[in-house]
$ cat final-v5.tsv   # TSV, C-alpha atoms
chain	number	residue	atom	x	y	z
A	1	MET	CA	-108.92	-90.12	72.71
A	2	GLN	CA	-106.75	-87.34	71.35
A	3	THR	CA	-104.96	-87.31	68.01
A	4	ILE	CA	-102.57	-84.90	66.40
A	5	ALA	CA	-103.89	-85.64	62.91
A	6	PRO	CA	-106.13	-82.96	61.34
A	7	LEU	CA	-109.57	-83.92	60.08
A	8	TRP	CA	-108.57	-83.65	56.40
A	9	LEU	CA	-105.83	-86.24	56.94
A	10	TRP	CA	-108.41	-88.67	58.36
A	11	ALA	CA	-110.48	-88.11	55.21
A	12	THR	CA	-107.41	-88.59	53.00
A	13	PHE	CA	-106.57	-91.83	54.78
A	14	GLY	CA	-110.12	-93.11	54.29
A	15	GLY	CA	-109.96	-92.19	50.60
A	16	ILE	CA	-106.65	-94.03	50.13
A	17	VAL	CA	-108.06	-97.17	51.77
A	18	LEU	CA	-111.20	-97.10	49.62
A	19	VAL	CA	-109.21	-96.61	46.41
A	20	SER	CA	-106.83	-99.41	47.40
A	21	LEU	CA	-109.71	-101.79	48.07
A	22	PHE	CA	-111.31	-100.74	44.78
A	23	ILE	CA	-108.11	-101.72	42.98
A	24	ASP	CA	-108.00	-105.05	44.81
A	25	PHE	CA	-111.65	-105.98	44.35
A	26	VAL	CA	-112.54	-104.44	41.01
A	27	VAL	CA	-109.43	-104.05	38.87
A	28	LEU	CA	-107.72	-107.27	39.97
A	29	LYS	CA	-111.04	-109.15	39.81
A	30	LYS	CA	-110.92	-108.79	36.05
A	31	GLN	CA	-107.86	-111.04	36.07
A	32	GLY	CA	-110.01	-113.84	37.43
A	33	SER	CA	-108.66	-116.77	39.40
A	34	HIS	CA	-105.00	-117.23	38.58
A	35	ASP	CA	-101.76	-118.25	40.27
A	36	ILE	CA	-99.75	-115.28	41.58
A	37	GLY	CA	-96.05	-115.67	40.92
A	38	VAL	CA	-93.14	-114.33	42.96
A	39	LYS	CA	-92.51	-111.47	40.52
A	40	GLU	CA	-96.09	-110.22	40.64
A	41	ALA	CA	-96.19	-110.56	44.44
A	42	LEU	CA	-92.88	-108.69	44.77
A	43	ASN	CA	-94.08	-105.85	42.53
A	44	TRP	CA	-97.31	-105.42	44.48
A	45	SER	CA	-95.43	-105.61	47.81
A	46	LEU	CA	-93.18	-102.77	46.67
A	47	VAL	CA	-96.26	-100.76	45.63
A	48	TRP	CA	-97.89	-101.13	49.06
A	49	ILE	CA	-94.65	-100.35	50.91
A	50	GLY	CA	-94.08	-97.30	48.72
A	51	LEU	CA	-97.65	-96.10	49.36
A	52	SER	CA	-97.11	-96.47	53.12
A	53	PHE	CA	-93.95	-94.37	53.03
A	54	LEU	CA	-95.65	-91.73	50.89
A	55	PHE	CA	-98.47	-91.50	53.42
A	56	ASN	CA	-95.95	-91.20	56.24
A	57	GLY	CA	-94.37	-88.29	54.37
A	58	LEU	CA	-97.80	-86.64	54.05
A	59	PHE	CA	-98.40	-87.28	57.75
A	60	TRP	CA	-95.06	-85.60	58.60
A	61	TRP	CA	-96.01	-82.54	56.54
A	62	ALA	CA	-99.48	-82.35	58.10
A	63	VAL	CA	-98.10	-82.47	61.65
A	64	LYS	CA	-95.45	-79.86	60.89
A	65	ASP	CA	-98.04	-77.63	59.25
A	66	SER	CA	-100.47	-77.86	62.17
A	67	THR	CA	-97.90	-77.62	65.00
A	68	GLY	CA	-95.15	-75.58	63.34
A	69	SER	CA	-92.61	-77.98	64.86
A	70	SER	CA	-90.29	-80.20	62.82
A	71	GLU	CA	-89.30	-82.04	66.00
A	72	ILE	CA	-92.88	-83.10	66.74
A	73	ALA	CA	-93.37	-84.07	63.08
A	74	ASN	CA	-90.20	-86.20	63.18
A	75	THR	CA	-91.33	-87.95	66.36
A	76	LYS	CA	-94.81	-88.72	65.05
A	77	SER	CA	-93.57	-90.00	61.69
A	78	LEU	CA	-91.09	-92.25	63.52
A	79	GLU	CA	-93.95	-93.56	65.65
A	80	PHE	CA	-95.87	-94.40	62.47
A	81	LEU	CA	-92.84	-96.12	60.93
A	82	THR	CA	-92.14	-98.14	64.08
A	83	GLY	CA	-95.78	-99.20	64.38
A	84	TYR	CA	-95.83	-100.13	60.70
A	85	LEU	CA	-92.71	-102.28	61.01
A	86	ILE	CA	-94.04	-104.01	64.14
A	87	GLU	CA	-97.34	-104.84	62.43
A	88	LYS	CA	-95.55	-105.89	59.23
A	89	SER	CA	-93.16	-108.18	61.11
A	90	LEU	CA	-95.94	-109.80	63.16
A	91	ALA	CA	-97.89	-110.24	59.93
A	92	VAL	CA	-95.13	-112.60	58.79
A	93	ASP	CA	-96.06	-115.02	61.56
A	94	ASN	CA	-99.70	-114.55	60.59
A	95	ILE	CA	-98.85	-115.46	57.01
A	96	PHE	CA	-97.18	-118.71	58.07
A	97	VAL	CA	-100.44	-119.68	59.82
A	98	PHE	CA	-102.38	-118.80	56.66
A	99	LEU	CA	-100.03	-121.05	54.72
A	100	MET	CA	-100.68	-123.89	57.17
A	101	ILE	CA	-104.47	-123.42	56.82
A	102	PHE	CA	-104.30	-123.37	53.00
A	103	THR	CA	-102.12	-126.48	53.01
A	104	TYR	CA	-104.38	-128.34	55.46
A	105	PHE	CA	-107.48	-127.68	53.36
A	106	ALA	CA	-105.57	-128.13	50.07
A	107	VAL	CA	-106.85	-124.78	48.80
A	108	PRO	CA	-105.90	-124.37	45.11
A	109	THR	CA	-103.49	-121.45	44.72
A	110	HIS	CA	-105.78	-119.65	42.26
A	111	PHE	CA	-108.54	-119.59	44.94
A	112	GLN	CA	-106.28	-118.23	47.68
A	113	LYS	CA	-106.31	-114.69	46.29
A	114	ARG	CA	-110.04	-114.23	46.87
A	115	VAL	CA	-109.83	-115.65	50.40
A	116	LEU	CA	-107.06	-113.21	51.30
A	117	MET	CA	-108.89	-110.26	49.74
A	118	ILE	CA	-111.99	-110.95	51.84
A	119	GLY	CA	-109.76	-111.52	54.87
A	120	ILE	CA	-108.24	-108.05	54.41
A	121	ILE	CA	-111.70	-106.43	54.52
A	122	GLY	CA	-112.56	-108.32	57.71
A	123	ALA	CA	-109.20	-107.44	59.26
A	124	ILE	CA	-109.64	-103.72	58.60
A	125	VAL	CA	-113.13	-103.65	60.13
A	126	LEU	CA	-112.26	-105.76	63.18
A	127	ARG	CA	-108.99	-103.97	63.89
A	128	THR	CA	-110.61	-100.54	63.58
A	129	ILE	CA	-113.12	-101.54	66.25
A	130	MET	CA	-110.41	-103.05	68.47
A	131	ILE	CA	-108.16	-99.99	68.12
A	132	LEU	CA	-110.96	-97.55	68.99
A	133	VAL	CA	-111.94	-99.66	72.01
A	134	GLY	CA	-108.29	-100.07	73.03
A	135	GLY	CA	-107.64	-96.34	72.70
A	136	TRP	CA	-110.68	-95.54	74.84
A	137	LEU	CA	-109.59	-98.04	77.52
A	138	LEU	CA	-106.07	-96.58	77.65
A	139	ALA	CA	-107.46	-93.05	77.91
A	140	GLU	CA	-109.83	-94.01	80.74
A	141	PHE	CA	-107.74	-96.60	82.60
A	142	HIS	CA	-103.99	-95.96	82.57
A	143	TRP	CA	-103.25	-99.17	84.48
A	144	ILE	CA	-104.32	-101.23	81.43
A	145	LEU	CA	-100.91	-100.33	79.97
A	146	TYR	CA	-99.34	-102.72	82.48
A	147	VAL	CA	-101.86	-105.45	81.61
A	148	PHE	CA	-101.06	-105.06	77.90
A	149	GLY	CA	-97.34	-105.03	78.65
A	150	ALA	CA	-97.46	-108.19	80.75
A	151	PHE	CA	-99.61	-109.88	78.08
A	152	LEU	CA	-97.05	-109.07	75.36
A	153	ILE	CA	-94.19	-110.41	77.48
A	154	LEU	CA	-96.12	-113.63	78.16
A	155	THR	CA	-97.02	-113.95	74.46
A	156	GLY	CA	-93.38	-113.44	73.48
A	157	VAL	CA	-92.22	-116.17	75.87
A	158	LYS	CA	-94.89	-118.57	74.56
A	159	MET	CA	-93.95	-117.75	70.96
A	160	TRP	CA	-90.28	-118.50	71.73
A	161	TRP	CA	-91.10	-121.94	73.16
A	162	ALA	CA	-93.49	-122.74	70.30
A	163	ALA	CA	-91.00	-121.67	67.60
A	164	GLY	CA	-89.79	-124.55	65.46
A	165	LYS	CA	-92.69	-126.81	66.43
A	166	GLU	CA	-95.17	-127.92	63.79
A	167	PRO	CA	-98.71	-126.71	64.63
A	168	ASP	CA	-101.53	-129.21	64.15
A	169	LEU	CA	-104.93	-128.02	62.90
A	170	ASN	CA	-106.55	-131.35	63.76
A	171	ASP	CA	-106.62	-130.31	67.42
A	172	ASN	CA	-107.76	-126.74	66.72
A	173	PRO	CA	-110.86	-126.11	68.91
A	174	ALA	CA	-112.26	-123.50	66.51
A	175	LEU	CA	-112.11	-125.96	63.61
A	176	LYS	CA	-113.77	-128.69	65.69
A	177	LEU	CA	-116.56	-126.28	66.66
A	178	LEU	CA	-117.14	-125.17	63.06
A	179	ARG	CA	-117.35	-128.76	61.86
A	180	ARG	CA	-119.81	-129.58	64.64
A	181	VAL	CA	-122.06	-126.61	63.87
A	182	LEU	CA	-121.83	-126.54	60.05
A	183	PRO	CA	-122.20	-129.40	57.58
A	184	VAL	CA	-119.25	-129.10	55.21
A	185	SER	CA	-118.79	-130.51	51.73
A	186	GLN	CA	-115.78	-132.69	51.02
A	187	HIS	CA	-115.19	-130.94	47.70
A	188	TYR	CA	-114.70	-127.38	46.45
A	189	ASP	CA	-117.30	-125.77	44.20
A	190	GLY	CA	-115.17	-123.19	42.43
A	191	GLU	CA	-114.82	-120.07	44.57
A	192	LYS	CA	-118.25	-120.54	46.16
A	193	PHE	CA	-118.68	-120.58	49.93
A	194	TRP	CA	-121.91	-122.59	49.76
A	195	THR	CA	-122.98	-125.52	47.63
A	196	VAL	CA	-125.90	-127.91	47.37
A	197	GLU	CA	-125.53	-131.63	48.05
A	198	ASN	CA	-128.48	-134.05	48.19
A	199	GLY	CA	-130.86	-131.10	48.07
A	200	LYS	CA	-129.29	-129.40	51.11
A	201	LYS	CA	-127.30	-126.17	51.21
A	202	ILE	CA	-123.98	-126.77	52.97
A	203	ALA	CA	-120.69	-124.93	53.38
A	204	THR	CA	-117.69	-125.59	51.15
A	205	PRO	CA	-114.18	-126.04	52.56
A	206	LEU	CA	-113.46	-122.50	51.30
A	207	PHE	CA	-115.97	-121.10	53.82
A	208	MET	CA	-114.19	-122.96	56.62
A	209	VAL	CA	-110.92	-121.43	55.47
A	210	ILE	CA	-112.45	-117.91	55.57
A	211	CYS	CA	-113.69	-118.47	59.14
A	212	LEU	CA	-110.30	-119.71	60.33
A	213	ILE	CA	-108.48	-116.85	58.57
A	214	ALA	CA	-110.76	-114.31	60.31
A	215	LEU	CA	-110.28	-115.96	63.70
A	216	THR	CA	-106.52	-116.09	63.22
A	217	ASP	CA	-106.38	-112.39	62.37
A	218	VAL	CA	-108.32	-111.48	65.53
A	219	ILE	CA	-105.87	-113.50	67.62
A	220	PHE	CA	-102.87	-111.80	66.03
A	221	ALA	CA	-104.51	-108.38	66.39
A	222	VAL	CA	-104.64	-108.95	70.15
A	223	ASP	CA	-100.82	-109.09	70.02
A	224	SER	CA	-100.04	-106.40	67.48
A	225	ILE	CA	-102.42	-103.62	68.57
A	226	PRO	CA	-101.14	-103.38	72.18
A	227	ALA	CA	-97.59	-103.51	70.78
A	228	ILE	CA	-98.24	-100.39	68.68
A	229	PHE	CA	-100.01	-98.65	71.58
A	230	ALA	CA	-96.71	-99.13	73.44
A	231	ILE	CA	-95.09	-96.90	70.82
A	232	THR	CA	-97.79	-94.23	70.68
A	233	SER	CA	-101.10	-93.39	72.33
A	234	ASP	CA	-102.37	-91.63	69.21
A	235	PRO	CA	-105.22	-93.76	67.75
A	236	PHE	CA	-104.65	-92.27	64.28
A	237	ILE	CA	-101.07	-93.56	64.18
A	238	VAL	CA	-102.09	-96.96	65.57
A	239	LEU	CA	-104.92	-97.31	63.04
A	240	THR	CA	-103.08	-96.06	59.95
A	241	SER	CA	-99.88	-98.05	60.57
A	242	ASN	CA	-102.00	-101.15	61.15
A	243	VAL	CA	-104.17	-100.72	58.07
A	244	PHE	CA	-101.28	-99.91	55.71
A	245	ALA	CA	-99.50	-103.08	56.86
A	246	ILE	CA	-102.70	-105.09	56.27
A	247	LEU	CA	-103.27	-103.68	52.76
A	248	GLY	CA	-100.07	-105.35	51.59
A	249	LEU	CA	-100.84	-108.65	53.31
A	250	ARG	CA	-102.12	-110.47	50.20
A	251	ALA	CA	-99.04	-109.70	48.10
A	252	MET	CA	-96.79	-110.40	51.07
A	253	TYR	CA	-98.38	-113.83	51.52
A	254	PHE	CA	-97.65	-114.99	47.98
A	255	LEU	CA	-94.12	-113.59	48.24
A	256	LEU	CA	-93.27	-115.33	51.52
A	257	ALA	CA	-95.08	-118.56	50.65
A	258	ALA	CA	-92.41	-119.19	48.04
A	259	VAL	CA	-89.52	-118.70	50.48
A	260	ALA	CA	-91.11	-119.70	53.81
A	261	ASN	CA	-88.42	-122.28	54.56
A	262	LYS	CA	-85.69	-119.62	54.37
A	263	PHE	CA	-87.00	-117.71	57.41
A	264	HIS	CA	-87.34	-120.55	59.90
A	265	LEU	CA	-85.82	-118.52	62.75
A	266	LEU	CA	-88.10	-115.50	62.33
A	267	ASN	CA	-90.47	-116.54	65.12
A	268	TYR	CA	-87.60	-116.29	67.61
A	269	GLY	CA	-86.99	-112.70	66.52
A	270	LEU	CA	-90.69	-111.86	66.75
A	271	ALA	CA	-90.77	-113.33	70.26
A	272	VAL	CA	-87.89	-111.08	71.34
A	273	ILE	CA	-89.62	-108.04	69.79
A	274	LEU	CA	-92.83	-108.76	71.72
A	275	VAL	CA	-90.91	-109.11	75.00
A	276	PHE	CA	-89.07	-105.84	74.31
A	277	ILE	CA	-92.28	-103.95	73.48
A	278	GLY	CA	-94.04	-105.42	76.51
A	279	THR	CA	-91.16	-104.37	78.76
A	280	LYS	CA	-91.23	-100.88	77.22
A	281	MET	CA	-94.93	-100.65	78.04
A	282	CYS	CA	-94.45	-101.79	81.64
A	283	LEU	CA	-91.65	-99.23	82.18
A	284	ILE	CA	-93.49	-96.29	80.63
A	285	ASP	CA	-94.02	-94.52	83.99
A	286	VAL	CA	-90.45	-95.19	85.08
A	287	TYR	CA	-88.51	-94.52	81.89
A	288	LYS	CA	-89.87	-93.72	78.43
A	289	ILE	CA	-87.71	-95.49	75.86
A	290	PRO	CA	-87.15	-93.15	72.86
A	291	VAL	CA	-89.06	-94.01	69.67
A	292	LEU	CA	-85.88	-93.93	67.58
A	293	PHE	CA	-84.25	-96.49	69.90
A	294	SER	CA	-87.36	-98.72	69.67
A	295	LEU	CA	-87.25	-98.48	65.88
A	296	GLY	CA	-83.58	-99.44	65.88
A	297	VAL	CA	-84.23	-102.46	68.12
A	298	VAL	CA	-87.10	-103.73	65.94
A	299	VAL	CA	-85.16	-103.29	62.70
A	300	GLY	CA	-81.99	-104.78	64.20
A	301	ILE	CA	-83.75	-107.88	65.54
A	302	LEU	CA	-85.57	-108.48	62.26
A	303	ALA	CA	-82.41	-108.02	60.19
A	304	LEU	CA	-80.34	-110.30	62.43
A	305	THR	CA	-83.02	-113.01	62.53
A	306	MET	CA	-83.51	-112.98	58.76
A	307	LEU	CA	-79.76	-113.05	58.14
A	308	LEU	CA	-79.27	-116.01	60.49
A	309	SER	CA	-82.29	-117.76	58.91
A	310	VAL	CA	-80.86	-117.44	55.40
A	311	ARG	CA	-77.41	-118.62	56.51
A	312	THR	CA	-78.75	-121.67	58.36
A	313	ALA	CA	-81.56	-122.59	55.93
A	314	LYS	CA	-81.46	-126.16	54.71
A	315	PRO	CA	-80.76	-126.38	50.98
A	316	GLU	CA	-83.75	-127.45	48.92
A	317	ARG	CA	-83.55	-130.86	47.30
A	318	LEU	CA	-83.75	-130.97	43.56
A	319	GLU	CA	-86.42	-133.30	42.25
A	320	SER	CA	-85.15	-135.87	39.82

$ encode --input "final-v5.tsv" --output "structure tokens"
Amino acid sequence: MQTIAPLWLWATFGGIVLVSLFIDFVVLKKQGSHDIGVKEALNWSLVWIGLSFLFNGLFWWAVKDSTGSSEIANTKSLEFLTGYLIEKSLAVDNIFVFLMIFTYFAVPTHFQKRVLMIGIIGAIVLRTIMILVGGWLLAEFHWILYVFGAFLILTGVKMWWAAGKEPDLNDNPALKLLRRVLPVSQHYDGEKFWTVENGKKIATPLFMVICLIALTDVIFAVDSIPAIFAITSDPFIVLTSNVFAILGLRAMYFLLAAVANKFHLLNYGLAVILVFIGTKMCLIDVYKIPVLFSLGVVVGILALTMLLSVRTAKPERLES
């Protein structure tokens, strides 16, 4: 696997991630369990987005400095931005599933923050492994590009047909398996994952939620990682764009949870994006679609879908 990023940029990226996690787990932990409002979620979302763009600027400078070419630097920074937007947009669908899981298990809002923070750690570790394995497979077996492309097209078609339908966790095979293997308490015990009932140590519903969140993220990673590999073969760009999108997932969840009903058509847009990226991957040996064009398509589809969602959203009823 080859990357254009110099070693010091890898180290800088690792340092940024560690500092970000420190802020999440140490500084914010002092706040304790509390409800996160729209304003706080919006402010943190802007912080994470701003940090991602700053890193992309640093990446552009590093590539230009090492290659001496502004054109190459422009192309690579566009690849990062496109990958970031793809991961960020697919994360929206991920967030709606998180919302369904939290609702099903009636997770108190002040407990959701910790679950998401732990989920982010798991997502970073699992996706790093998947990206390294995926990068190695693509480097060794070029034909896997077509497998990934066909998979994305199929996933996009399935997402289109499933859009608008209410998912049901009662029939979820993973949940049925967890309940069969683990004895689970009917009640929460604060933010604990384990509790003691009748002298036996059993899992709390919060532990079940963590397991389902982790499984959901793996499933979504199977979609998003090949989609970014369709934009670039550089594992550094795939990894960094993925991780920066994940770092803002917690704030993004609380922001979108408040306005979820306003983006009811978003899944249709995500389905079209997956089909487009899958087609791009399948055509890579016939015609390489420019990165700037791909970026324009992704942004255009997202903007159009969100605009149509807002215009056709059902007005909320005022409680008397």

$ closest_residue --input "final-v5.tsv" --among "A:Thr82, A:Ser309, A:Asn198, A:Ser224" --to "Ser294 (chain A)" --atoms "only C-alpha atoms"
A:Thr82

$ atom_distance --input "final-v5.tsv" --atom1 "CA of Ile23 (chain A)" --atom2 "CA of Thr128 (chain A)"
20.8 Å

$ closest_residue --input "final-v5.tsv" --among "A:Val310, A:Leu18, A:Leu239, A:Ala251" --to "Ile121 (chain A)" --atoms "all atoms listed in the file"
A:Leu18

$ residues_around --input "final-v5.tsv" --residues "Ser233 (chain A)" --least-positions-apart "3" --cutoff "9 Å" --atoms "all atoms listed in the file" --output "PyMOL selection string"
chain A and resi 1-3+135+138-139+228-230+236-238

$ residues_around --input "final-v5.tsv" --residues "Leu307 (chain A)" --least-positions-apart "5" --cutoff "9 Å" --atoms "all atoms listed in the file" --output "JSON, numbers by chain"
{"A": [263, 302, 312]}

$ write_last_selection --input "final-v5.tsv" --atoms "C-alpha atoms" --output "compact mmCIF listing (two decimals), keeping the file's coordinate frame"
# COMPACT_ATOMS: atom_id res chain seq x y z
CA PHE A 263 -87.00 -117.71 57.41
CA LEU A 302 -85.57 -108.48 62.26
CA THR A 312 -78.75 -121.67 58.36

$ closest_residue --input "final-v5.tsv" --among "A:Lys113, A:Val299, A:Ile118, A:Val286" --to "Gly37 (chain A)" --atoms "only C-alpha atoms"
A:Lys113

$ closest_residue --input "final-v5.tsv" --among "A:Pro205, A:Gly248, A:Gly269, A:Gly122" --to "Ser52 (chain A)" --atoms "only C-alpha atoms"
A:Gly248

$ residues_around --input "final-v5.tsv" --residues "Thr279 (chain A)" --least-positions-apart "4" --cutoff "10 Å" --atoms "only C-alpha atoms" --output "count of residues only"
13

$ residues_around --input "final-v5.tsv" --residues "Phe105 (chain A)" --least-positions-apart "6" --cutoff "9 Å" --atoms "only C-alpha atoms" --output "list in words"
Pro205, Leu206, Met208 and Val209 of chain A

$ closest_residue --input "final-v5.tsv" --among "A:Leu247, A:Cys282, A:Leu295, A:Ala123" --to "Leu51 (chain A)" --atoms "all atoms listed in the file"
A:Leu247

$ build_atoms --input "final-v5.tsv" --residues "region 45-56 of chain A" --atoms "N, CA, C and O atoms" --output "PDB file, keeping the file's coordinate frame"
ATOM      1  N   SER A  45     -95.967-105.905  46.472  1.00  0.00           N
ATOM      2  CA  SER A  45     -95.430-105.610  47.810  1.00  0.00           C
ATOM      3  C   SER A  45     -94.700-104.279  47.823  1.00  0.00           C
ATOM      4  O   SER A  45     -94.855-103.474  48.749  1.00  0.00           O
ATOM      5  N   LEU A  46     -93.915-104.043  46.773  1.00  0.00           N
ATOM      6  CA  LEU A  46     -93.180-102.770  46.670  1.00  0.00           C
ATOM      7  C   LEU A  46     -94.153-101.597  46.517  1.00  0.00           C
ATOM      8  O   LEU A  46     -93.915-100.511  47.062  1.00  0.00           O
ATOM      9  N   VAL A  47     -95.251-101.820  45.793  1.00  0.00           N
ATOM     10  CA  VAL A  47     -96.260-100.760  45.630  1.00  0.00           C
ATOM     11  C   VAL A  47     -96.873-100.392  46.983  1.00  0.00           C
ATOM     12  O   VAL A  47     -96.980 -99.207  47.338  1.00  0.00           O
ATOM     13  N   TRP A  48     -97.258-101.399  47.765  1.00  0.00           N
ATOM     14  CA  TRP A  48     -97.890-101.130  49.060  1.00  0.00           C
ATOM     15  C   TRP A  48     -96.905-100.500  50.038  1.00  0.00           C
ATOM     16  O   TRP A  48     -97.274 -99.595  50.806  1.00  0.00           O
ATOM     17  N   ILE A  49     -95.662-100.948  50.025  1.00  0.00           N
ATOM     18  CA  ILE A  49     -94.650-100.350  50.910  1.00  0.00           C
ATOM     19  C   ILE A  49     -94.398 -98.901  50.515  1.00  0.00           C
ATOM     20  O   ILE A  49     -94.317 -98.007  51.366  1.00  0.00           O
ATOM     21  N   GLY A  50     -94.291 -98.661  49.200  1.00  0.00           N
ATOM     22  CA  GLY A  50     -94.080 -97.300  48.720  1.00  0.00           C
ATOM     23  C   GLY A  50     -95.233 -96.385  49.104  1.00  0.00           C
ATOM     24  O   GLY A  50     -95.025 -95.231  49.514  1.00  0.00           O
ATOM     25  N   LEU A  51     -96.471 -96.891  48.994  1.00  0.00           N
ATOM     26  CA  LEU A  51     -97.650 -96.100  49.360  1.00  0.00           C
ATOM     27  C   LEU A  51     -97.624 -95.764  50.846  1.00  0.00           C
ATOM     28  O   LEU A  51     -97.979 -94.639  51.243  1.00  0.00           O
ATOM     29  N   SER A  52     -97.189 -96.711  51.675  1.00  0.00           N
ATOM     30  CA  SER A  52     -97.110 -96.470  53.120  1.00  0.00           C
ATOM     31  C   SER A  52     -96.109 -95.376  53.449  1.00  0.00           C
ATOM     32  O   SER A  52     -96.367 -94.504  54.298  1.00  0.00           O
ATOM     33  N   PHE A  53     -94.972 -95.396  52.778  1.00  0.00           N
ATOM     34  CA  PHE A  53     -93.950 -94.370  53.030  1.00  0.00           C
ATOM     35  C   PHE A  53     -94.401 -93.010  52.511  1.00  0.00           C
ATOM     36  O   PHE A  53     -94.104 -91.974  53.128  1.00  0.00           O
ATOM     37  N   LEU A  54     -95.114 -92.986  51.398  1.00  0.00           N
ATOM     38  CA  LEU A  54     -95.650 -91.730  50.890  1.00  0.00           C
ATOM     39  C   LEU A  54     -96.652 -91.139  51.875  1.00  0.00           C
ATOM     40  O   LEU A  54     -96.662 -89.918  52.127  1.00  0.00           O
ATOM     41  N   PHE A  55     -97.500 -91.987  52.436  1.00  0.00           N
ATOM     42  CA  PHE A  55     -98.470 -91.500  53.420  1.00  0.00           C
ATOM     43  C   PHE A  55     -97.759 -90.986  54.662  1.00  0.00           C
ATOM     44  O   PHE A  55     -98.176 -89.973  55.246  1.00  0.00           O
ATOM     45  N   ASN A  56     -96.701 -91.666  55.075  1.00  0.00           N
ATOM     46  CA  ASN A  56     -95.950 -91.200  56.240  1.00  0.00           C
ATOM     47  C   ASN A  56     -95.335 -89.827  55.974  1.00  0.00           C
ATOM     48  O   ASN A  56     -95.269 -88.975  56.864  1.00  0.00           O
TER      49      ASN A  56
END
